[in-house]
Amino acid sequence: MSSKITDVARMAGVSIATVSNVINETRPVRPETQQRVMAAIEALQYIPDSTARHFKAGRKSSIGFIVPDIRNAFFSTLINSIEEVLECSGYDLVIANTHESIERETERLLRLCSGTVDALIIASCFEDYTELISHIPANFPFVLIDRLPVNSQCDTIRADSYAAILESIDYLVAHGHKKIGMLAWQESLSTTRERVAAYRHAAAKYGFEELIRYVDIDSEVSYAAEYLIAESCTALLIGNSKLYIDLMGFLNTVEDRPAVVCFCDSPEYKHLFRGLPMIKQPTQEIGRLAGRMILDRLQFPGSRIKEAILHCVFQRP
């Protein structure tokens, strides 16, 4: 059940009117009282209703979501989860698909920040935060999710898959695999760097050769898999769900089909991955948290920067 303003007032030890004054900035509140109210709001994950949030002129009642590839069910799952939160607070979600292109992302950032939306949720293609922030107006509210450019200095949400990958390699080794390859999505992405680092950690632990093939939007994933199989890999770690979906047809033609560990980053893929060892990503939780976090940033623009890390889980068949 969602928290109410009365819950916030009770936790902070103040009146409902005082909570309203803090939220709407209608009357001065002592700094120590304001801190107690804001701490209670954060602890209870309270989201003020739309009338409380729209007291300032110029609101568009829309939040933009910069999406690298809307065809990927991972991002469609995020969209649905974010909308669940925003619709309850009177906001619409505006989707901008970049097709994994920095040029498209730049154009869409400029368009959305020019008065189309009140705030942004961004899954960025940029490698460096300095480059990304140069396209966003000063003090414009935004949250970065999933992909985090280097040196990010803003609200962020990401999934940590390191431990789950190590556990998955333990599983493969325990089942007799001594040569394990990895198919990874774009090398420049923070998610890929983390997953490759975990794979390399496991390779060093067990003393097997590192065999990594990177794939991007213009690559043929079957060629990358064919190379790893030709290198005598008996098992493959597949770096995201889309790669496995694209690879399924090819794997069905392989005589000595390698074992696979794949990422499951959307509930839509559950039936396809049934019976496989998988790394489950908390995609719906990421989306809901992104919705709450951007609402918080809109309501309290001067609050501290937040970093949220959710953990992937390795699931045996």
# chains A, B, ... in the order shown; residues from 1 in each chain; ligands from 1
call {"tool": "closest_atom_pairs", "arguments": {"of": "stretch 186-243 of chain A", "to": "stretch 135-146 of chain A", "cutoff": "12 Å", "atoms": "only C-alpha atoms", "output": "tab-separated table"}}
result
residue	atom	partner	partner_atom	distance
A:Leu189	CA	A:Asp146	CA	9.7
A:Ser190	CA	A:Asp146	CA	8.3
A:Thr191	CA	A:Asp146	CA	7.2
A:Thr192	CA	A:Asp146	CA	10.7
A:Glu194	CA	A:Asp146	CA	11.6
call {"tool": "residues_around", "arguments": {"residues": "stretch 219-224 of chain A", "least_positions_apart": "2", "cutoff": "9 Å", "atoms": "only C-alpha atoms", "output": "number ranges by chain"}}
result
A: 183, 212-217, 226-229, 243-244, 246-247, 249-251
call {"tool": "closest_residue", "arguments": {"among": "A:His311, A:Arg274, A:Arg104, A:His177", "to": "A:Leu237", "atoms": "only C-alpha atoms"}}
result
A:His177
call {"tool": "select_by_dssp", "arguments": {"residues": "stretch 32-101 of chain A", "states": "strand (DSSP E)", "output": "compact mmCIF listing (two decimals) with C-alpha atoms, in the first residue's frame"}}
result
# COMPACT_ATOMS: atom_id res chain seq x y z
CA SER A 62 5.21 14.74 -19.08
CA ILE A 63 8.48 12.92 -18.49
CA GLY A 64 10.70 11.76 -21.33
CA PHE A 65 12.42 8.39 -21.54
CA ILE A 66 15.47 8.13 -23.81
CA VAL A 67 15.48 4.49 -25.01
CA ASP A 92 2.55 10.90 -19.08
CA LEU A 93 5.66 9.15 -20.39
CA VAL A 94 7.11 10.33 -23.71
CA ILE A 95 9.34 7.76 -25.44
CA ALA A 96 12.31 8.76 -27.60
CA ASN A 97 14.00 5.87 -29.40
call {"tool": "residues_around", "arguments": {"residues": "stretch 195-203 of chain A", "least_positions_apart": "3", "cutoff": "10 Å", "atoms": "only C-alpha atoms", "output": "PyMOL selection string"}}
result
chain A and resi 160-170+173+178-185+187+190-192+206-212+237-240
call {"tool": "write_last_selection", "arguments": {"atoms": "N, CA and C atoms", "output": "short mmCIF file (atom, residue, chain, number, x, y, z; two decimals), in the first residue's frame"}}
result
data_model
loop_
_atom_site.label_atom_id
_atom_site.label_comp_id
_atom_site.auth_asym_id
_atom_site.auth_seq_id
_atom_site.Cartn_x
_atom_site.Cartn_y
_atom_site.Cartn_z
N ASP A 160 23.52 -4.78 -10.70
CA ASP A 160 24.85 -5.36 -10.51
C ASP A 160 24.77 -6.85 -10.82
N SER A 161 25.50 -7.27 -11.87
CA SER A 161 25.45 -8.67 -12.28
C SER A 161 26.74 -9.43 -11.97
N TYR A 162 27.70 -8.77 -11.33
CA TYR A 162 29.04 -9.34 -11.15
C TYR A 162 28.99 -10.68 -10.41
N ALA A 163 28.37 -10.67 -9.24
CA ALA A 163 28.34 -11.89 -8.42
C ALA A 163 27.55 -13.00 -9.11
N ALA A 164 26.46 -12.63 -9.79
CA ALA A 164 25.65 -13.64 -10.47
C ALA A 164 26.43 -14.29 -11.62
N ILE A 165 27.26 -13.50 -12.31
CA ILE A 165 28.08 -14.07 -13.39
C ILE A 165 29.12 -15.03 -12.82
N LEU A 166 29.77 -14.63 -11.75
CA LEU A 166 30.73 -15.54 -11.12
C LEU A 166 30.07 -16.85 -10.73
N GLU A 167 28.87 -16.77 -10.19
CA GLU A 167 28.16 -17.99 -9.79
C GLU A 167 27.80 -18.84 -11.00
N SER A 168 27.47 -18.17 -12.10
CA SER A 168 27.12 -18.93 -13.32
C SER A 168 28.33 -19.67 -13.88
N ILE A 169 29.51 -19.06 -13.81
CA ILE A 169 30.72 -19.74 -14.29
C ILE A 169 31.07 -20.89 -13.36
N ASP A 170 30.89 -20.70 -12.06
CA ASP A 170 31.08 -21.81 -11.11
C ASP A 170 30.21 -22.99 -11.53
N VAL A 173 31.62 -24.70 -14.75
CA VAL A 173 32.83 -25.46 -14.45
C VAL A 173 32.49 -26.74 -13.69
N LYS A 178 35.49 -26.61 -19.51
CA LYS A 178 36.83 -26.07 -19.28
C LYS A 178 37.19 -24.96 -20.26
N LYS A 179 36.35 -24.78 -21.28
CA LYS A 179 36.57 -23.72 -22.24
C LYS A 179 35.24 -23.00 -22.45
N ILE A 180 35.15 -21.81 -21.88
CA ILE A 180 33.89 -21.07 -21.84
C ILE A 180 34.10 -19.73 -22.55
N GLY A 181 33.31 -19.48 -23.56
CA GLY A 181 33.39 -18.21 -24.29
C GLY A 181 32.31 -17.25 -23.85
N MET A 182 32.44 -15.99 -24.29
CA MET A 182 31.45 -14.97 -23.94
C MET A 182 31.05 -14.17 -25.17
N LEU A 183 29.75 -14.02 -25.36
CA LEU A 183 29.20 -13.09 -26.34
C LEU A 183 28.72 -11.86 -25.59
N ALA A 184 29.25 -10.69 -25.96
CA ALA A 184 28.96 -9.47 -25.21
C ALA A 184 28.41 -8.39 -26.14
N TRP A 185 27.48 -7.60 -25.63
CA TRP A 185 26.93 -6.48 -26.37
C TRP A 185 27.95 -5.34 -26.34
N GLU A 187 30.94 -2.98 -26.61
CA GLU A 187 32.06 -2.92 -25.69
C GLU A 187 32.09 -1.63 -24.87
N SER A 190 28.66 0.57 -20.03
CA SER A 190 29.04 0.25 -18.65
C SER A 190 28.55 -1.13 -18.26
N THR A 191 27.37 -1.53 -18.71
CA THR A 191 26.85 -2.86 -18.38
C THR A 191 27.76 -3.94 -18.97
N THR A 192 28.22 -3.73 -20.20
CA THR A 192 29.11 -4.71 -20.83
C THR A 192 30.44 -4.77 -20.10
N TYR A 206 39.71 -19.93 -12.72
CA TYR A 206 39.73 -21.33 -13.15
C TYR A 206 40.82 -21.62 -14.18
N GLY A 207 41.51 -20.59 -14.63
CA GLY A 207 42.63 -20.80 -15.53
C GLY A 207 42.25 -21.16 -16.96
N PHE A 208 41.05 -20.74 -17.40
CA PHE A 208 40.73 -21.01 -18.81
C PHE A 208 40.97 -19.75 -19.65
N GLU A 209 41.15 -19.95 -20.93
CA GLU A 209 41.47 -18.86 -21.86
C GLU A 209 40.27 -17.92 -22.02
N GLU A 210 40.55 -16.60 -22.01
CA GLU A 210 39.49 -15.63 -22.26
C GLU A 210 39.16 -15.60 -23.75
N LEU A 211 37.92 -15.88 -24.08
CA LEU A 211 37.46 -15.84 -25.46
C LEU A 211 36.18 -15.00 -25.50
N ILE A 212 36.29 -13.77 -25.96
CA ILE A 212 35.18 -12.81 -25.94
C ILE A 212 34.93 -12.31 -27.36
N LEU A 237 28.67 -17.84 -22.26
CA LEU A 237 27.97 -16.85 -21.45
C LEU A 237 27.47 -15.79 -22.43
N ILE A 238 26.16 -15.59 -22.47
CA ILE A 238 25.56 -14.68 -23.45
C ILE A 238 25.10 -13.42 -22.73
N GLY A 239 25.64 -12.28 -23.16
CA GLY A 239 25.59 -11.06 -22.37
C GLY A 239 24.27 -10.34 -22.23
N ASN A 240 23.25 -10.67 -23.01
CA ASN A 240 21.91 -10.13 -22.75
C ASN A 240 20.87 -10.99 -23.46
#
call {"tool": "select_by_dssp", "arguments": {"residues": "stretch 36-176 of chain A", "states": "alpha helix (DSSP H)", "output": "VMD selection string"}}
result
chain A and resid 36 to 44 50 to 53 73 to 87 102 to 111 129 to 133 162 to 174
call {"tool": "write_last_selection", "arguments": {"atoms": "C-alpha atoms", "output": "compact mmCIF listing (two decimals), in the first residue's frame"}}
result
# COMPACT_ATOMS: atom_id res chain seq x y z
CA ARG A 36 12.88 15.54 9.21
CA VAL A 37 10.02 15.81 6.72
CA MET A 38 12.24 15.06 3.72
CA ALA A 39 13.82 12.10 5.53
CA ALA A 40 10.33 10.71 6.26
CA ILE A 41 9.28 11.22 2.62
CA GLU A 42 12.33 9.31 1.44
CA ALA A 43 11.97 6.52 4.01
CA LEU A 44 8.29 5.99 3.16
CA SER A 50 -0.50 15.60 -8.85
CA THR A 51 -2.13 18.75 -7.45
CA ALA A 52 0.68 19.17 -4.95
CA ARG A 53 3.28 18.71 -7.63
CA ALA A 73 11.86 -6.32 -24.53
CA PHE A 74 14.17 -5.17 -21.73
CA PHE A 75 13.34 -1.56 -22.55
CA SER A 76 9.64 -2.22 -23.18
CA THR A 77 9.48 -3.80 -19.71
CA LEU A 78 11.12 -0.68 -18.26
CA ILE A 79 8.58 1.50 -20.06
CA ASN A 80 5.64 -0.40 -18.59
CA SER A 81 7.09 -0.31 -15.07
CA ILE A 82 7.91 3.40 -15.21
CA GLU A 83 4.42 4.20 -16.50
CA GLU A 84 2.87 2.32 -13.57
CA VAL A 85 4.43 4.84 -11.21
CA LEU A 86 4.06 8.01 -13.26
CA GLU A 87 0.41 7.52 -14.19
CA ILE A 102 24.69 8.98 -30.14
CA GLU A 103 23.63 11.37 -32.91
CA ARG A 104 19.98 10.44 -32.47
CA GLU A 105 20.30 10.66 -28.70
CA THR A 106 21.77 14.16 -28.98
CA GLU A 107 18.93 15.31 -31.23
CA ARG A 108 16.27 13.85 -28.95
CA LEU A 109 17.84 15.36 -25.83
CA LEU A 110 17.79 18.81 -27.40
CA ARG A 111 14.18 18.39 -28.52
CA TYR A 129 29.10 11.94 -18.52
CA THR A 130 30.73 15.23 -19.51
CA GLU A 131 29.65 14.69 -23.11
CA LEU A 132 26.10 13.75 -22.12
CA ILE A 133 25.59 16.66 -19.73
CA TYR A 162 29.04 -9.34 -11.15
CA ALA A 163 28.34 -11.89 -8.42
CA ALA A 164 25.65 -13.64 -10.47
CA ILE A 165 28.08 -14.07 -13.39
CA LEU A 166 30.73 -15.54 -11.12
CA GLU A 167 28.16 -17.99 -9.79
CA SER A 168 27.12 -18.93 -13.32
CA ILE A 169 30.72 -19.74 -14.29
CA ASP A 170 31.08 -21.81 -11.11
CA TYR A 171 28.02 -23.74 -12.31
CA LEU A 172 29.46 -24.34 -15.79
CA VAL A 173 32.83 -25.46 -14.45
CA ALA A 174 31.13 -27.81 -11.98
call {"tool": "residues_around", "arguments": {"residues": "A:Ile16", "least_positions_apart": "6", "cutoff": "12 Å", "atoms": "only C-alpha atoms", "output": "ChimeraX atom specification"}}
result
/A:4-10,22-23,37
call {"tool": "write_last_selection", "arguments": {"atoms": "N, CA and C atoms", "output": "PDB file, in the first residue's frame"}}
result
ATOM      1  N   LYS A   4       0.806   7.691   2.743  1.00  0.00           N
ATOM      2  CA  LYS A   4      -0.030   8.889   2.684  1.00  0.00           C
ATOM      3  C   LYS A   4       0.671  10.031   3.404  1.00  0.00           C
ATOM      4  N   ILE A   5       0.162  11.238   3.175  1.00  0.00           N
ATOM      5  CA  ILE A   5       0.760  12.407   3.803  1.00  0.00           C
ATOM      6  C   ILE A   5       0.657  12.311   5.329  1.00  0.00           C
ATOM      7  N   THR A   6      -0.390  11.643   5.824  1.00  0.00           N
ATOM      8  CA  THR A   6      -0.524  11.471   7.278  1.00  0.00           C
ATOM      9  C   THR A   6       0.598  10.591   7.831  1.00  0.00           C
ATOM     10  N   ASP A   7       1.038   9.597   7.022  1.00  0.00           N
ATOM     11  CA  ASP A   7       2.147   8.743   7.455  1.00  0.00           C
ATOM     12  C   ASP A   7       3.424   9.543   7.578  1.00  0.00           C
ATOM     13  N   VAL A   8       3.645  10.448   6.609  1.00  0.00           N
ATOM     14  CA  VAL A   8       4.837  11.301   6.640  1.00  0.00           C
ATOM     15  C   VAL A   8       4.805  12.203   7.873  1.00  0.00           C
ATOM     16  N   ALA A   9       3.660  12.813   8.115  1.00  0.00           N
ATOM     17  CA  ALA A   9       3.531  13.713   9.262  1.00  0.00           C
ATOM     18  C   ALA A   9       3.791  12.970  10.569  1.00  0.00           C
ATOM     19  N   ARG A  10       3.257  11.758  10.674  1.00  0.00           N
ATOM     20  CA  ARG A  10       3.442  10.968  11.887  1.00  0.00           C
ATOM     21  C   ARG A  10       4.917  10.622  12.102  1.00  0.00           C
ATOM     22  N   VAL A  22       6.291  22.059   3.325  1.00  0.00           N
ATOM     23  CA  VAL A  22       7.598  21.615   2.829  1.00  0.00           C
ATOM     24  C   VAL A  22       7.493  21.209   1.363  1.00  0.00           C
ATOM     25  N   ILE A  23       6.461  20.447   1.030  1.00  0.00           N
ATOM     26  CA  ILE A  23       6.290  19.959  -0.334  1.00  0.00           C
ATOM     27  C   ILE A  23       6.036  21.107  -1.308  1.00  0.00           C
ATOM     28  N   VAL A  37      11.097  16.104   7.657  1.00  0.00           N
ATOM     29  CA  VAL A  37      10.017  15.808   6.715  1.00  0.00           C
ATOM     30  C   VAL A  37      10.572  15.127   5.466  1.00  0.00           C
TER      31      VAL A  37
END
call {"tool": "residues_around", "arguments": {"residues": "A:Lys306", "least_positions_apart": "6", "cutoff": "9 Å", "atoms": "only C-alpha atoms", "output": "PyMOL selection string"}}
result
chain A and resi 154-157+293
call {"tool": "decode", "arguments": {"residues": "stretch 143-216 of chain A", "atoms": "C-alpha atoms", "output": "PDB file, in the first residue's frame"}}
result
ATOM      1  CA  VAL A 143      17.864  10.162 -13.860  1.00  0.00           C
ATOM      2  CA  LEU A 144      20.274   7.740 -15.546  1.00  0.00           C
ATOM      3  CA  ILE A 145      19.309   4.075 -15.564  1.00  0.00           C
ATOM      4  CA  ASP A 146      20.972   0.825 -16.622  1.00  0.00           C
ATOM      5  CA  ARG A 147      23.793   2.329 -18.718  1.00  0.00           C
ATOM      6  CA  LEU A 148      25.928   4.785 -16.765  1.00  0.00           C
ATOM      7  CA  PRO A 149      28.501   6.959 -18.545  1.00  0.00           C
ATOM      8  CA  VAL A 150      31.902   7.256 -16.864  1.00  0.00           C
ATOM      9  CA  ASN A 151      32.055   9.800 -14.000  1.00  0.00           C
ATOM     10  CA  SER A 152      28.262  10.209 -13.726  1.00  0.00           C
ATOM     11  CA  GLN A 153      27.306  12.835 -11.142  1.00  0.00           C
ATOM     12  CA  CYS A 154      23.539  12.576 -10.922  1.00  0.00           C
ATOM     13  CA  ASP A 155      20.778  10.233  -9.762  1.00  0.00           C
ATOM     14  CA  THR A 156      21.533   6.728 -11.069  1.00  0.00           C
ATOM     15  CA  ILE A 157      19.989   3.262 -11.022  1.00  0.00           C
ATOM     16  CA  ARG A 158      21.767   0.134 -12.202  1.00  0.00           C
ATOM     17  CA  ALA A 159      21.738  -3.625 -11.853  1.00  0.00           C
ATOM     18  CA  ASP A 160      24.851  -5.361 -10.507  1.00  0.00           C
ATOM     19  CA  SER A 161      25.453  -8.673 -12.282  1.00  0.00           C
ATOM     20  CA  TYR A 162      29.042  -9.343 -11.152  1.00  0.00           C
ATOM     21  CA  ALA A 163      28.338 -11.886  -8.423  1.00  0.00           C
ATOM     22  CA  ALA A 164      25.654 -13.638 -10.473  1.00  0.00           C
ATOM     23  CA  ILE A 165      28.079 -14.068 -13.390  1.00  0.00           C
ATOM     24  CA  LEU A 166      30.735 -15.540 -11.118  1.00  0.00           C
ATOM     25  CA  GLU A 167      28.157 -17.986  -9.786  1.00  0.00           C
ATOM     26  CA  SER A 168      27.117 -18.929 -13.316  1.00  0.00           C
ATOM     27  CA  ILE A 169      30.716 -19.737 -14.294  1.00  0.00           C
ATOM     28  CA  ASP A 170      31.078 -21.812 -11.115  1.00  0.00           C
ATOM     29  CA  TYR A 171      28.024 -23.744 -12.306  1.00  0.00           C
ATOM     30  CA  LEU A 172      29.457 -24.343 -15.793  1.00  0.00           C
ATOM     31  CA  VAL A 173      32.832 -25.456 -14.452  1.00  0.00           C
ATOM     32  CA  ALA A 174      31.129 -27.806 -11.982  1.00  0.00           C
ATOM     33  CA  HIS A 175      29.392 -29.397 -14.989  1.00  0.00           C
ATOM     34  CA  GLY A 176      32.710 -30.136 -16.666  1.00  0.00           C
ATOM     35  CA  HIS A 177      33.185 -27.140 -18.972  1.00  0.00           C
ATOM     36  CA  LYS A 178      36.828 -26.070 -19.283  1.00  0.00           C
ATOM     37  CA  LYS A 179      36.571 -23.721 -22.237  1.00  0.00           C
ATOM     38  CA  ILE A 180      33.893 -21.067 -21.839  1.00  0.00           C
ATOM     39  CA  GLY A 181      33.391 -18.215 -24.291  1.00  0.00           C
ATOM     40  CA  MET A 182      31.446 -14.971 -23.936  1.00  0.00           C
ATOM     41  CA  LEU A 183      29.198 -13.093 -26.339  1.00  0.00           C
ATOM     42  CA  ALA A 184      28.958  -9.470 -25.212  1.00  0.00           C
ATOM     43  CA  TRP A 185      26.930  -6.478 -26.366  1.00  0.00           C
ATOM     44  CA  GLN A 186      28.651  -3.188 -27.309  1.00  0.00           C
ATOM     45  CA  GLU A 187      32.065  -2.919 -25.686  1.00  0.00           C
ATOM     46  CA  SER A 188      31.677   0.763 -24.743  1.00  0.00           C
ATOM     47  CA  LEU A 189      28.676   0.281 -22.437  1.00  0.00           C
ATOM     48  CA  SER A 190      29.036   0.255 -18.651  1.00  0.00           C
ATOM     49  CA  THR A 191      26.853  -2.855 -18.385  1.00  0.00           C
ATOM     50  CA  THR A 192      29.107  -4.705 -20.830  1.00  0.00           C
ATOM     51  CA  ARG A 193      32.284  -3.614 -19.038  1.00  0.00           C
ATOM     52  CA  GLU A 194      30.978  -4.981 -15.749  1.00  0.00           C
ATOM     53  CA  ARG A 195      29.913  -8.290 -17.273  1.00  0.00           C
ATOM     54  CA  VAL A 196      33.196  -8.756 -19.120  1.00  0.00           C
ATOM     55  CA  ALA A 197      35.143  -7.927 -15.944  1.00  0.00           C
ATOM     56  CA  ALA A 198      33.239 -10.648 -14.063  1.00  0.00           C
ATOM     57  CA  TYR A 199      33.869 -13.168 -16.863  1.00  0.00           C
ATOM     58  CA  ARG A 200      37.586 -12.334 -16.832  1.00  0.00           C
ATOM     59  CA  HIS A 201      37.661 -12.723 -13.053  1.00  0.00           C
ATOM     60  CA  ALA A 202      36.204 -16.215 -13.422  1.00  0.00           C
ATOM     61  CA  ALA A 203      38.620 -17.084 -16.263  1.00  0.00           C
ATOM     62  CA  ALA A 204      41.553 -16.148 -14.038  1.00  0.00           C
ATOM     63  CA  LYS A 205      40.086 -18.111 -11.132  1.00  0.00           C
ATOM     64  CA  TYR A 206      39.732 -21.326 -13.148  1.00  0.00           C
ATOM     65  CA  GLY A 207      42.630 -20.800 -15.532  1.00  0.00           C
ATOM     66  CA  PHE A 208      40.728 -21.005 -18.812  1.00  0.00           C
ATOM     67  CA  GLU A 209      41.467 -18.857 -21.857  1.00  0.00           C
ATOM     68  CA  GLU A 210      39.494 -15.632 -22.259  1.00  0.00           C
ATOM     69  CA  LEU A 211      37.460 -15.838 -25.462  1.00  0.00           C
ATOM     70  CA  ILE A 212      35.178 -12.806 -25.941  1.00  0.00           C
ATOM     71  CA  ARG A 213      33.301 -11.680 -29.015  1.00  0.00           C
ATOM     72  CA  TYR A 214      31.554  -8.285 -29.027  1.00  0.00           C
ATOM     73  CA  VAL A 215      28.352  -7.701 -30.987  1.00  0.00           C
ATOM     74  CA  ASP A 216      26.569  -4.456 -31.860  1.00  0.00           C
TER      75      ASP A 216
END
